[in-house]
>>> print(open('target_39.cif').read())   # mmCIF, C-alpha atoms and all ligand atoms
data_upload
#
loop_
_atom_site.label_atom_id
_atom_site.label_comp_id
_atom_site.auth_asym_id
_atom_site.auth_seq_id
_atom_site.Cartn_x
_atom_site.Cartn_y
_atom_site.Cartn_z
CA MET A 25 0.00 0.00 0.00
CA ALA A 26 2.96 2.28 0.39
CA PHE A 27 2.90 3.49 -3.16
CA TRP A 28 -0.84 4.16 -3.22
CA ASN A 29 -0.83 5.90 0.12
CA GLU A 30 1.98 8.22 -0.80
CA ALA A 31 0.57 8.95 -4.21
CA LEU A 32 -2.89 9.66 -2.92
CA ALA A 33 -1.83 11.58 0.14
CA PHE A 34 0.01 13.99 -2.09
CA GLY A 35 -2.62 14.00 -4.79
CA LEU A 36 0.11 12.96 -7.15
CA ALA A 37 2.52 10.15 -7.63
CA PRO A 38 6.16 10.23 -6.63
CA LYS A 39 7.76 12.37 -9.27
CA PRO A 40 9.90 10.03 -11.33
CA ILE A 41 12.68 11.57 -13.35
CA GLY A 42 13.84 9.61 -16.36
CA PRO A 43 17.51 9.42 -17.16
CA ARG A 44 16.80 10.45 -20.75
CA GLN A 45 15.01 13.63 -19.68
CA GLU A 46 17.41 14.56 -16.95
CA SER A 47 19.28 17.79 -17.59
CA ALA A 48 22.57 18.58 -15.85
CA SER A 49 20.81 21.01 -13.55
CA ILE A 50 18.20 18.41 -12.60
CA GLN A 51 20.95 15.92 -11.95
CA ALA A 52 22.70 18.40 -9.73
CA SER A 53 19.55 19.15 -7.83
CA ARG A 54 18.88 15.47 -7.24
CA ALA A 55 21.42 15.69 -4.47
CA ARG A 56 18.95 17.95 -2.67
CA VAL A 57 15.63 16.61 -1.59
CA LEU A 58 12.44 18.61 -1.72
CA THR A 59 9.65 16.90 0.10
CA LEU A 60 5.97 17.53 0.43
CA ASN A 61 4.17 17.46 3.73
CA ARG A 62 0.79 15.79 4.12
CA LYS A 63 -1.04 18.91 2.95
CA GLY A 64 1.05 19.02 -0.17
CA PHE A 65 3.14 22.07 0.77
CA ARG A 66 6.83 21.97 0.08
CA ARG A 67 8.97 21.96 3.13
CA CYS A 68 12.61 22.69 3.26
CA ALA A 69 15.19 20.43 1.77
CA VAL A 70 16.19 17.42 3.87
CA SER A 71 18.72 15.06 2.39
CA VAL A 72 18.27 11.42 3.21
CA THR A 73 21.39 9.29 3.18
CA GLN A 74 21.97 5.58 2.94
CA GLN A 75 23.61 5.75 6.35
CA GLN A 76 20.41 7.14 7.87
CA VAL A 77 18.50 4.28 6.32
CA LEU A 78 20.94 1.74 7.73
CA ASP A 79 20.76 3.43 11.14
CA SER A 80 16.98 3.24 11.14
CA LEU A 81 17.17 -0.45 10.27
CA ARG A 82 19.25 -1.21 13.35
CA GLN A 83 16.05 -1.11 15.43
CA VAL A 84 14.52 -3.86 13.28
CA ALA A 85 15.58 -7.43 14.00
CA SER A 86 15.53 -10.54 11.83
CA PRO A 87 13.36 -13.49 12.97
CA ARG A 88 16.51 -14.75 14.73
CA GLY A 89 17.03 -11.45 16.54
CA VAL A 90 19.90 -10.08 14.45
CA PRO A 91 19.68 -6.34 13.61
CA LEU A 92 18.89 -6.05 9.88
CA PRO A 93 22.12 -4.33 8.78
CA HIS A 94 24.01 -7.34 10.17
CA ALA A 95 21.67 -10.06 8.94
CA ASN A 96 23.31 -10.26 5.51
CA VAL A 97 19.99 -9.93 3.69
CA LEU A 98 19.90 -6.35 2.38
CA SER A 99 20.33 -5.43 -1.27
CA ALA A 100 21.95 -2.17 -2.30
CA ILE A 101 19.90 0.70 -0.89
CA SER A 102 18.64 3.23 -3.41
CA VAL A 103 17.86 6.71 -2.10
CA THR A 104 16.63 9.26 -4.62
CA ASP A 105 14.74 12.43 -3.84
CA GLY A 106 13.45 11.06 -0.57
CA LYS A 107 12.37 7.78 -2.14
CA VAL A 108 14.01 4.74 -0.59
CA PHE A 109 13.99 1.36 -2.26
CA PHE A 110 15.73 -1.88 -1.49
CA SER A 111 15.01 -5.54 -1.11
CA ILE A 112 15.43 -8.06 1.68
CA ASN A 113 16.68 -11.30 0.21
CA VAL A 114 15.85 -14.33 2.33
CA ASP A 115 15.67 -18.09 2.11
CA ALA A 116 12.29 -19.09 0.67
CA ALA A 117 11.73 -21.49 3.54
CA GLU A 118 11.75 -18.55 5.98
CA ALA A 119 9.78 -16.09 3.85
CA ARG A 120 6.66 -16.11 6.05
CA ALA A 121 8.62 -15.18 9.16
CA TRP A 122 10.21 -12.30 7.27
CA GLU A 123 7.03 -10.60 6.09
CA SER A 124 6.48 -8.77 9.40
CA VAL A 125 10.18 -7.81 9.43
CA ARG A 126 9.74 -6.29 5.98
CA ALA A 127 6.74 -4.27 7.21
CA GLN A 128 8.67 -3.06 10.29
CA ALA A 129 11.61 -2.07 8.09
CA GLU A 130 9.29 -0.10 5.81
CA ALA A 131 7.77 1.70 8.81
CA ALA A 132 11.20 2.48 10.27
CA VAL A 133 12.47 3.93 7.00
CA ARG A 134 9.30 5.91 6.44
CA ALA A 135 9.78 7.55 9.83
CA ILE A 136 13.08 9.14 8.73
CA PRO A 137 12.53 12.88 8.17
CA GLY A 138 12.63 13.61 4.45
CA VAL A 139 11.55 10.14 3.31
CA THR A 140 8.51 10.43 1.07
CA THR A 141 8.31 6.85 -0.14
CA ALA A 142 9.69 3.64 1.25
CA MET A 143 9.25 0.57 -0.88
CA ILE A 144 10.86 -2.57 0.41
CA ALA A 145 10.47 -5.86 -1.38
CA LEU A 146 10.91 -9.29 0.13
CA THR A 147 12.56 -11.65 -2.32
CA ALA A 148 12.88 -15.34 -1.55
CA GLU A 149 15.85 -17.36 -2.65
CA ARG A 150 16.56 -21.06 -2.33
CA LYS A 151 19.76 -21.69 -0.41
CA PRO A 152 22.29 -23.70 -2.44
CA GLY A 153 21.96 -27.35 -1.54
CA SER A 154 18.48 -27.11 -0.03
CA PRO A 155 15.97 -29.58 -1.47
CA GLN A 156 14.06 -28.52 -4.53
CA THR A 157 10.33 -28.83 -4.02
CA ALA A 158 9.03 -27.79 -7.42
CA PRO A 159 10.31 -27.69 -10.99
CA GLN A 160 13.04 -25.11 -11.50
CA ARG A 161 11.38 -22.17 -13.19
CA HIS A 162 13.91 -19.41 -13.00
CA ALA A 163 16.30 -17.96 -15.48
CA GLN A 164 19.66 -16.47 -14.80
CA GLY A 165 19.52 -13.28 -12.80
CA VAL A 166 15.98 -13.78 -11.58
CA GLN A 167 14.98 -14.62 -8.02
CA PRO A 168 13.73 -18.19 -8.14
CA ALA A 169 10.84 -17.56 -5.77
CA SER A 170 8.45 -19.79 -7.67
CA ALA A 171 10.85 -22.72 -7.46
CA HIS A 172 9.66 -23.20 -3.88
CA ARG A 173 6.00 -23.50 -4.55
CA PRO A 174 4.57 -26.56 -2.89
CA PRO A 175 3.32 -29.17 -5.33
CA GLN A 176 -0.34 -28.54 -4.43
CA GLY A 177 -0.15 -24.91 -5.61
CA PRO A 178 1.04 -21.56 -4.34
CA SER A 179 0.43 -20.54 -0.73
CA PRO A 180 -1.47 -17.28 -0.15
CA MET A 181 1.87 -15.69 0.77
CA SER A 182 3.40 -16.58 -2.57
CA LYS A 183 3.92 -14.03 -5.29
CA GLN A 184 2.17 -16.57 -7.50
CA ALA A 185 -0.95 -16.68 -5.33
CA GLU A 186 -4.17 -16.22 -7.28
CA ILE A 187 -6.12 -12.96 -7.02
CA PRO A 188 -9.39 -13.76 -5.23
CA GLY A 189 -12.35 -13.29 -7.58
CA VAL A 190 -10.22 -13.22 -10.73
CA ALA A 191 -10.57 -16.44 -12.70
CA ALA A 192 -7.77 -15.95 -15.22
CA ILE A 193 -4.99 -13.41 -15.69
CA ILE A 194 -3.41 -13.15 -19.12
CA ALA A 195 -0.47 -11.08 -20.30
CA VAL A 196 -0.37 -9.15 -23.55
CA ALA A 197 3.30 -8.83 -24.34
CA SER A 198 5.68 -7.80 -27.08
CA GLY A 199 9.39 -8.08 -27.54
CA LYS A 200 9.66 -4.33 -28.14
CA GLY A 201 7.60 -1.16 -27.85
CA GLY A 202 5.52 0.50 -30.52
CA VAL A 203 4.07 -2.65 -32.06
CA GLY A 204 0.53 -1.91 -30.87
CA LYS A 205 0.58 -3.93 -27.66
CA SER A 206 -1.58 -1.51 -25.67
CA THR A 207 -4.00 -0.90 -28.53
CA THR A 208 -4.42 -4.65 -28.91
CA ALA A 209 -4.66 -5.29 -25.16
CA LEU A 210 -7.52 -2.80 -24.82
CA ASN A 211 -9.43 -3.89 -27.92
CA LEU A 212 -8.92 -7.55 -27.00
CA ALA A 213 -10.32 -6.81 -23.52
CA LEU A 214 -13.32 -5.19 -25.22
CA GLY A 215 -13.66 -8.15 -27.59
CA LEU A 216 -13.77 -10.46 -24.55
CA ARG A 217 -16.37 -8.17 -22.97
CA ASP A 218 -18.49 -8.51 -26.10
CA LEU A 219 -18.41 -12.27 -25.59
CA GLY A 220 -20.23 -11.73 -22.31
CA LEU A 221 -17.23 -12.03 -20.01
CA ARG A 222 -16.42 -9.81 -17.02
CA VAL A 223 -13.12 -8.27 -17.96
CA GLY A 224 -10.48 -6.12 -16.29
CA LEU A 225 -7.49 -4.35 -17.81
CA LEU A 226 -4.29 -3.73 -15.87
CA ASP A 227 -1.82 -1.40 -17.52
CA ALA A 228 1.42 -2.79 -16.09
CA ASP A 229 3.57 -0.93 -18.61
CA ILE A 230 5.05 1.29 -15.98
CA TYR A 231 7.63 2.57 -18.45
CA GLY A 232 4.97 3.97 -20.77
CA PRO A 233 1.45 3.63 -19.41
CA SER A 234 -0.85 4.51 -22.29
CA VAL A 235 -4.17 3.09 -21.14
CA PRO A 236 -5.33 6.45 -19.67
CA ARG A 237 -4.96 8.01 -23.13
CA LEU A 238 -6.43 5.05 -25.00
CA THR A 239 -9.49 5.06 -22.74
CA GLY A 240 -9.76 8.82 -22.21
CA ILE A 241 -9.66 8.31 -18.44
CA ASN A 242 -8.19 11.23 -16.53
CA GLU A 243 -9.54 10.68 -13.06
CA LYS A 244 -7.72 9.27 -10.08
CA PRO A 245 -8.97 6.04 -8.49
CA GLN A 246 -10.45 6.22 -5.00
CA LEU A 247 -9.74 3.93 -2.07
CA ASP A 248 -12.45 1.69 -0.64
CA ASP A 249 -13.05 0.98 3.08
CA ASN A 250 -10.31 -1.65 3.03
CA ARG A 251 -7.86 0.89 1.59
CA LYS A 252 -7.88 -0.91 -1.75
CA MET A 253 -7.90 1.03 -5.00
CA ILE A 254 -11.20 0.97 -6.84
CA PRO A 255 -10.52 0.40 -10.54
CA ILE A 256 -12.04 2.93 -12.94
CA LYS A 257 -15.04 1.55 -14.83
CA ARG A 258 -15.07 2.44 -18.54
CA PHE A 259 -16.68 0.68 -21.47
CA GLY A 260 -17.79 -2.07 -19.08
CA LEU A 261 -14.17 -2.84 -18.16
CA SER A 262 -12.52 -2.47 -14.74
CA ILE A 263 -9.35 -0.56 -15.49
CA MET A 264 -6.23 0.22 -13.48
CA SER A 265 -3.09 1.93 -14.68
CA ILE A 266 -0.02 3.38 -13.06
CA GLY A 267 -0.72 6.18 -15.52
CA PHE A 268 -3.69 7.25 -13.37
CA LEU A 269 -1.08 8.32 -10.84
CA VAL A 270 1.89 9.44 -12.95
CA GLU A 271 2.25 11.34 -16.20
CA GLU A 272 2.29 9.16 -19.33
CA ASN A 273 5.43 10.73 -20.71
CA THR A 274 7.39 10.60 -17.50
CA ALA A 275 10.02 7.93 -17.78
CA MET A 276 10.34 5.91 -14.61
CA ILE A 277 13.51 5.55 -12.66
CA TRP A 278 12.07 2.49 -10.93
CA ARG A 279 14.04 -0.63 -11.47
CA GLY A 280 14.15 -4.24 -10.39
CA PRO A 281 12.32 -4.79 -7.12
CA MET A 282 10.60 -1.41 -7.38
CA VAL A 283 8.94 -2.40 -10.62
CA MET A 284 7.68 -5.59 -9.09
CA SER A 285 6.46 -3.84 -5.93
CA ALA A 286 4.51 -1.27 -7.91
CA ILE A 287 2.94 -3.93 -10.10
CA THR A 288 2.21 -6.22 -7.16
CA GLN A 289 0.30 -3.37 -5.58
CA MET A 290 -1.63 -2.73 -8.77
CA LEU A 291 -2.50 -6.39 -8.90
CA ARG A 292 -3.18 -7.19 -5.26
CA ASP A 293 -4.17 -3.88 -3.64
CA VAL A 294 -6.95 -3.23 -6.14
CA ALA A 295 -10.58 -4.19 -5.52
CA TRP A 296 -11.02 -6.03 -8.82
CA GLY A 297 -14.28 -7.67 -7.77
CA THR A 298 -15.32 -10.71 -9.78
CA LEU A 299 -13.64 -11.03 -13.15
CA ASP A 300 -13.50 -13.82 -15.71
CA ILE A 301 -10.35 -12.44 -17.30
CA LEU A 302 -7.86 -9.77 -16.28
CA VAL A 303 -5.81 -8.61 -19.26
CA VAL A 304 -2.37 -7.29 -18.31
CA ASP A 305 -0.66 -4.86 -20.69
CA MET A 306 2.95 -5.82 -19.94
CA PRO A 307 5.99 -3.56 -20.21
CA PRO A 308 7.58 -4.18 -23.63
CA GLY A 309 10.73 -6.24 -23.92
CA THR A 310 12.20 -9.33 -22.36
CA GLY A 311 14.60 -7.94 -19.78
CA ASP A 312 14.85 -8.88 -16.13
CA ALA A 313 11.90 -6.71 -15.07
CA GLN A 314 9.61 -8.39 -17.60
CA LEU A 315 10.86 -11.83 -16.73
CA THR A 316 10.35 -11.23 -13.02
CA LEU A 317 6.86 -10.02 -13.77
CA ALA A 318 6.06 -13.02 -15.95
CA GLN A 319 7.30 -15.20 -13.14
CA ASN A 320 5.55 -13.53 -10.25
CA VAL A 321 2.14 -12.71 -11.67
CA PRO A 322 -0.12 -15.79 -11.60
CA LEU A 323 -0.59 -15.87 -15.36
CA LYS A 324 -2.81 -18.40 -17.10
CA GLY A 325 -1.34 -17.48 -20.47
CA ALA A 326 0.27 -14.89 -22.69
CA VAL A 327 -0.62 -13.31 -26.02
CA ILE A 328 2.37 -12.08 -28.02
CA ILE A 329 1.96 -9.09 -30.31
CA SER A 330 4.25 -8.76 -33.30
CA THR A 331 4.38 -6.77 -36.50
CA PRO A 332 5.36 -8.51 -39.74
CA GLN A 333 8.81 -7.00 -39.92
CA ASP A 334 11.63 -9.42 -39.31
CA LEU A 335 13.10 -7.48 -36.43
CA SER A 336 9.85 -7.52 -34.58
CA LEU A 337 9.52 -11.26 -35.12
CA ILE A 338 12.94 -11.82 -33.61
CA ASP A 339 11.73 -9.83 -30.63
CA ALA A 340 8.53 -11.87 -30.56
CA ARG A 341 10.60 -15.04 -30.47
CA ARG A 342 12.38 -13.69 -27.41
CA GLY A 343 8.98 -13.05 -25.84
CA LEU A 344 7.94 -16.62 -26.53
CA ALA A 345 11.16 -17.93 -25.02
CA MET A 346 10.65 -15.77 -21.94
CA PHE A 347 7.19 -17.18 -21.18
CA LYS A 348 8.36 -20.68 -21.91
CA LYS A 349 11.16 -20.23 -19.40
CA VAL A 350 8.67 -19.42 -16.65
CA ASN A 351 6.14 -22.07 -17.74
CA VAL A 352 3.41 -19.65 -18.80
CA PRO A 353 1.49 -21.07 -21.78
CA VAL A 354 1.60 -18.90 -24.89
CA LEU A 355 -2.01 -18.58 -26.04
CA GLY A 356 -0.82 -17.38 -29.42
CA ILE A 357 0.68 -14.69 -31.60
CA VAL A 358 -1.22 -11.73 -33.04
CA GLU A 359 0.17 -10.04 -36.12
CA ASN A 360 -0.59 -6.35 -35.72
CA MET A 361 -0.24 -3.82 -38.54
CA SER A 362 -0.33 -6.97 -40.64
CA TYR A 363 -1.28 -5.24 -43.89
CA PHE A 364 -2.24 -1.73 -44.88
CA GLN A 365 -5.89 -1.18 -45.48
CA CYS A 366 -6.75 1.99 -47.37
CA PRO A 367 -9.31 3.97 -45.37
CA GLU A 368 -10.81 5.30 -48.64
CA CYS A 369 -11.26 2.21 -50.79
CA GLY A 370 -10.46 -0.66 -48.42
CA THR A 371 -7.74 -1.99 -50.76
CA ARG A 372 -5.22 -4.17 -48.98
CA SER A 373 -1.43 -3.73 -49.43
CA ASP A 374 1.09 -6.02 -47.79
CA ILE A 375 3.61 -3.25 -47.34
CA PHE A 376 5.72 -4.97 -44.69
CA GLY A 377 5.61 -8.38 -46.27
CA HIS A 378 2.98 -10.50 -44.71
CA GLY A 379 2.32 -13.81 -43.01
CA GLY A 380 5.58 -13.85 -41.05
CA ALA A 381 3.88 -14.18 -37.68
CA ARG A 382 1.56 -16.96 -38.88
CA HIS A 383 4.54 -18.83 -40.27
CA GLU A 384 6.53 -18.26 -37.09
CA ALA A 385 3.64 -19.44 -34.94
CA GLU A 386 3.35 -22.63 -37.00
CA ARG A 387 7.07 -23.22 -36.79
CA LEU A 388 7.05 -22.80 -33.01
CA GLY A 389 3.87 -24.78 -32.52
CA VAL A 390 1.87 -21.99 -30.90
CA PRO A 391 -1.57 -20.84 -32.07
CA PHE A 392 -1.82 -17.99 -34.54
CA LEU A 393 -4.59 -15.77 -33.24
CA GLY A 394 -5.15 -13.38 -36.13
CA GLU A 395 -4.09 -10.48 -38.27
CA ILE A 396 -5.02 -6.90 -37.49
CA PRO A 397 -4.60 -4.45 -40.37
CA LEU A 398 -2.78 -1.16 -40.13
CA HIS A 399 -5.79 1.07 -40.43
CA MET A 400 -6.31 4.75 -39.84
CA SER A 401 -9.45 4.27 -37.77
CA ILE A 402 -7.63 1.97 -35.31
CA ARG A 403 -5.11 4.72 -34.69
CA THR A 404 -7.47 7.71 -34.61
CA THR A 405 -10.00 6.03 -32.33
CA SER A 406 -7.17 5.02 -29.97
CA ASP A 407 -5.86 8.55 -29.85
CA GLU A 408 -9.36 9.86 -29.11
CA GLY A 409 -9.77 7.50 -26.17
CA ASN A 410 -12.62 5.78 -27.97
CA PRO A 411 -11.27 2.37 -29.03
CA VAL A 412 -12.42 0.90 -32.31
CA VAL A 413 -14.35 -1.98 -30.72
CA VAL A 414 -16.48 0.65 -28.94
CA SER A 415 -16.66 3.29 -31.67
CA GLU A 416 -17.23 0.90 -34.59
CA PRO A 417 -18.75 -2.17 -32.93
CA ASP A 418 -20.20 -3.50 -36.17
CA GLY A 419 -17.09 -2.83 -38.23
CA PRO A 420 -14.53 -5.35 -39.48
CA HIS A 421 -11.89 -4.45 -36.90
CA ALA A 422 -14.15 -5.11 -33.93
CA ALA A 423 -14.96 -8.49 -35.49
CA ILE A 424 -11.24 -9.35 -35.67
CA TYR A 425 -10.67 -8.44 -32.02
CA ARG A 426 -13.73 -10.49 -31.01
CA ALA A 427 -12.44 -13.48 -32.99
CA ILE A 428 -9.06 -13.22 -31.24
CA GLY A 429 -10.97 -12.91 -27.96
CA ALA A 430 -12.96 -16.05 -28.73
CA SER A 431 -9.80 -18.04 -29.31
CA VAL A 432 -8.31 -16.75 -26.04
CA ARG A 433 -11.54 -17.51 -24.16
CA ASP A 434 -11.69 -21.03 -25.56
CA GLN A 435 -8.17 -21.72 -24.35
CA LEU A 436 -9.01 -20.39 -20.88
CA GLN A 437 -12.38 -22.09 -20.67
CA GLY A 438 -11.18 -24.49 -17.96
CA ALA A 439 -10.03 -21.70 -15.65
CA ILE A 440 -13.10 -19.55 -16.26
CA ALA A 441 -15.51 -22.45 -15.73
CA ALA A 442 -13.74 -23.53 -12.55
CA ALA A 443 -14.01 -20.09 -10.92
N1 LIG B 501 -3.54 -1.89 -36.16
C1 LIG B 501 -3.20 -0.60 -36.07
N2 LIG B 501 -3.50 0.28 -37.05
C2 LIG B 501 -3.13 1.57 -36.95
N3 LIG B 501 -2.47 2.09 -35.94
C3 LIG B 501 -2.15 1.28 -34.92
C4 LIG B 501 -2.49 -0.12 -34.92
N4 LIG B 501 -2.06 -0.67 -33.76
C5 LIG B 501 -1.47 0.33 -33.06
N5 LIG B 501 -1.51 1.49 -33.77
C6 LIG B 501 -0.94 2.79 -33.39
O1 LIG B 501 0.46 2.57 -33.19
C7 LIG B 501 0.93 3.37 -32.12
C8 LIG B 501 1.59 2.44 -31.09
O2 LIG B 501 0.59 1.61 -30.54
P1 LIG B 501 0.59 1.20 -29.00
O3 LIG B 501 -0.59 0.32 -28.79
O4 LIG B 501 0.72 2.39 -28.12
O5 LIG B 501 1.93 0.35 -28.98
P2 LIG B 501 2.79 -0.27 -27.79
O6 LIG B 501 1.87 -0.43 -26.62
O7 LIG B 501 3.28 -1.56 -28.32
O8 LIG B 501 3.90 0.68 -27.53
C9 LIG B 501 -0.28 4.12 -31.57
O9 LIG B 501 -0.30 5.40 -32.16
C10 LIG B 501 -1.46 3.30 -32.07
O10 LIG B 501 -2.62 4.11 -32.26
MG MG B 502 1.94 0.56 -24.76
#
>>> encode(input="target_39.cif", output="structure tokens", more="lines below")
Ligand SMILES: Nc1ncnc2c1ncn2[C@@H]1O[C@H](COP(=O)(O)OP(=O)(O)O)[C@@H](O)[C@H]1O
Ligand SMILES: [Mg+2]
Amino acid sequence: MAFWNEALAFGLAPKPIGPRQESASIQASRARVLTLNRKGFRRCAVSVTQQQVLDSLRQVASPRGVPLPHANVLSAISVTDGKVFFSINVDAAEARAWESVRAQAEAAVRAIPGVTTAMIALTAERKPGSPQTAPQRHAQGVQPASAHRPPQGPSPMSKQAEIPGVAAIIAVASGKGGVGKSTTALNLALGLRDLGLRVGLLDADIYGPSVPRLTGINEKPQLDDNRKMIPIKRFGLSIMSIGFLVEENTAMIWRGPMVMSAITQMLRDVAWGTLDILVVDMPPGTGDAQLTLAQNVPLKGAVIISTPQDLSLIDARRGLAMFKKVNVPVLGIVENMSYFQCPECGTRSDIFGHGGARHEAERLGVPFLGEIPLHMSIRTTSDEGNPVVVSEPDGPHAAIYRAIGASVRDQLQGAIAAA
């Protein structure tokens, strides 16, 4: 809840500053910390140091009574503009006992004057030589938390634990940005809605959240009595996006555990209600953050978006490999911007070459879910916050998204029926 509480208390999210946008003067001023008090007024600069963080952690003891700085469990501590992030890395077998320690550490750090946000992640690691209780599901550089799941399924404490009320969570992913992942995620969610399903959309692309723009939502979610975020309802979908709290064009400085903490909160601290399918618009790419996400979100499957260009297909292959690595079934590949369809006469031109994704899907033995043309109305309706499945429900594009939705639904039928 830390992220929500801070963001809401200030009426804005922590102000992330992207490395690409950072001027020399901004960099220089990062050494100083300007904080906001609870009423949102600036108060004078207070620099927070790593040493202060370590000092505050001395009052928190490990389950065996060792002060945290001496327990050999802390990652590097990141302190930027009053925002403190680090992880506590523990043996998976002791993870339960550590949860309250993590909460105490967060409270201790938050009490340091000048700290505006404290986000502390608990990551569980199998000690070398300890018995393996589940199939190895981790790749190099990723915390193998899921390797410790008991055979009968994840415990409620696990990062893989299901979200109560949500029958199936699926990822919409792409090997790189700009291929139409968000546009497809939203229209696919709407296509699933048209099939009579209760659908949610989680914009987990914290590097470039575009769902607020695509849906025209510019309100901030409220908290319910249990301090959970209430997703915004639009077009019959329950929608949550980090973009409701931060500016779309603000590049995030969050990395590693921070990414996972923010997304965990969006997943688990949101009152999703009862959903048949929750569609997650993933951050593009196949780096560590994406892999960790794919591993820690209880996904029933993934849909990979690609364009016909070769480069994009190479990226798509990486996406496939990533989900395979973490044992998430690939529900199929969608070829977006598959062919150009003239908005005037409807003539089709295969300007990028065509059929690459279908061929690739066949070669890799995963379903091919469909081709979406590059069409002006898909772009303009997206930009207007009025997606094509809503604005042209009887048109050919809506029919394509519904057909892709039907294929996805059929593959998830077991999970949806069981819920
Ligand atoms: N099938 C399509 N036809 C026309 N424009 C599209 C199509 N799919 C996506 N776009 C446009 O391409 C741009 C990138 O799409 P977006 O969904 O934001 O990509 P990503 O999430 O992969 O970065 C947006 O301007 C969007 O409107
Ligand atoms: Mg996007």
>>> closest_residue(input="target_39.cif", among="A:Val103, A:Ala116, A:Ala340, A:Ala129", to="Val84 (chain A)", atoms="only C-alpha atoms")
A:Ala129
>>> residues_near_ligand(input="target_39.cif", ligand="ligand LIG 501 (chain B)", cutoff="7 Å", atoms="only C-alpha atoms and all ligand atoms", output="ChimeraX atom specification")
/A:198,200-208,234,308,360-361,396-404,406-407
>>> atom_distance(input="target_39.cif", atom1="CA of Met290 (chain A)", atom2="CA of Val125 (chain A)")
22.3 Å
>>> closest_residue(input="target_39.cif", among="A:Thr239, A:Glu186, A:Ile428, A:Gly309", to="Ser415 (chain A)", atoms="all atoms listed in the file")
A:Thr239
>>> closest_residue(input="target_39.cif", among="A:Gly409, A:Pro137, A:Pro307, A:Pro367", to="ligand MG 502 (chain B)", atoms="all atoms listed in the file")
A:Pro307
>>> closest_residue(input="target_39.cif", among="A:Gly311, A:Gly199, A:Gly438, A:Pro322", to="ligand MG 502 (chain B)", atoms="only C-alpha atoms and all ligand atoms")
A:Gly199
>>> atom_distance(input="target_39.cif", atom1="CA of Gly419 (chain A)", atom2="CA of Pro255 (chain A)")
28.6 Å
>>> closest_residue(input="target_39.cif", among="A:Ala192, A:Leu238, A:Ala209, A:Ala381", to="Gln435 (chain A)", atoms="all atoms listed in the file")
A:Ala192
>>> residues_near_point(input="target_39.cif", point="(10.5, -20.4, -25.5)", cutoff="12 Å", atoms="only C-alpha atoms", output="list of chain:residue names")
A:Ala163, A:Thr310, A:Ala326, A:Ile328, A:Asp339, A:Ala340, A:Arg341, A:Arg342, A:Gly343, A:Leu344, A:Ala345, A:Met346, A:Phe347, A:Lys348, A:Lys349, A:Val350, A:Asn351, A:Val352, A:Pro353, A:Val354, A:Ala385, A:Leu388, A:Gly389, A:Val390
>>> residues_around(input="target_39.cif", residues="Tyr363 (chain A)", least_positions_apart="4", cutoff="7 Å", atoms="all atoms listed in the file", output="list in words")
Arg372, Ser373, Asp374, Ile375, His378, Pro397 and Leu398 of chain A
>>> residues_around(input="target_39.cif", residues="Asn242 (chain A)", least_positions_apart="5", cutoff="12 Å", atoms="only C-alpha atoms", output="ChimeraX atom specification")
/A:234-237,256-258,263-272,409
>>> atom_distance(input="target_39.cif", atom1="CA of Val413 (chain A)", atom2="CA of Gly215 (chain A)")
7.0 Å
>>> closest_residue(input="target_39.cif", among="A:Tyr231, A:Ile357, A:Ala441, A:Gly380", to="ligand MG 502 (chain B)", atoms="all atoms listed in the file")
A:Tyr231
>>> residues_around(input="target_39.cif", residues="Ala191 (chain A)", least_positions_apart="3", cutoff="9 Å", atoms="all atoms listed in the file", output="PyMOL selection string")
chain A and resi 186-188+298-302+439-443
>>> write_last_selection(input="target_39.cif", atoms="C-alpha atoms", output="compact mmCIF listing (two decimals), in the coordinates of the input")
# COMPACT_ATOMS: atom_id res chain seq x y z
CA GLU A 186 -4.17 -16.22 -7.28
CA ILE A 187 -6.12 -12.96 -7.02
CA PRO A 188 -9.39 -13.76 -5.23
CA THR A 298 -15.32 -10.71 -9.78
CA LEU A 299 -13.64 -11.03 -13.15
CA ASP A 300 -13.50 -13.82 -15.71
CA ILE A 301 -10.35 -12.44 -17.30
CA LEU A 302 -7.86 -9.77 -16.28
CA ALA A 439 -10.03 -21.70 -15.65
CA ILE A 440 -13.10 -19.55 -16.26
CA ALA A 441 -15.51 -22.45 -15.73
CA ALA A 442 -13.74 -23.53 -12.55
CA ALA A 443 -14.01 -20.09 -10.92
>>> decode(input="target_39.cif", residues="region 431-442 of chain A", atoms="C-alpha atoms", output="compact mmCIF listing (two decimals), in the first residue's frame")
# COMPACT_ATOMS: atom_id res chain seq x y z
CA SER A 431 -9.80 -18.04 -29.31
CA VAL A 432 -8.31 -16.75 -26.04
CA ARG A 433 -11.54 -17.51 -24.16
CA ASP A 434 -11.69 -21.03 -25.56
CA GLN A 435 -8.17 -21.72 -24.35
CA LEU A 436 -9.01 -20.39 -20.88
CA GLN A 437 -12.38 -22.09 -20.67
CA GLY A 438 -11.18 -24.49 -17.96
CA ALA A 439 -10.03 -21.70 -15.65
CA ILE A 440 -13.10 -19.55 -16.26
CA ALA A 441 -15.51 -22.45 -15.73
CA ALA A 442 -13.74 -23.53 -12.55
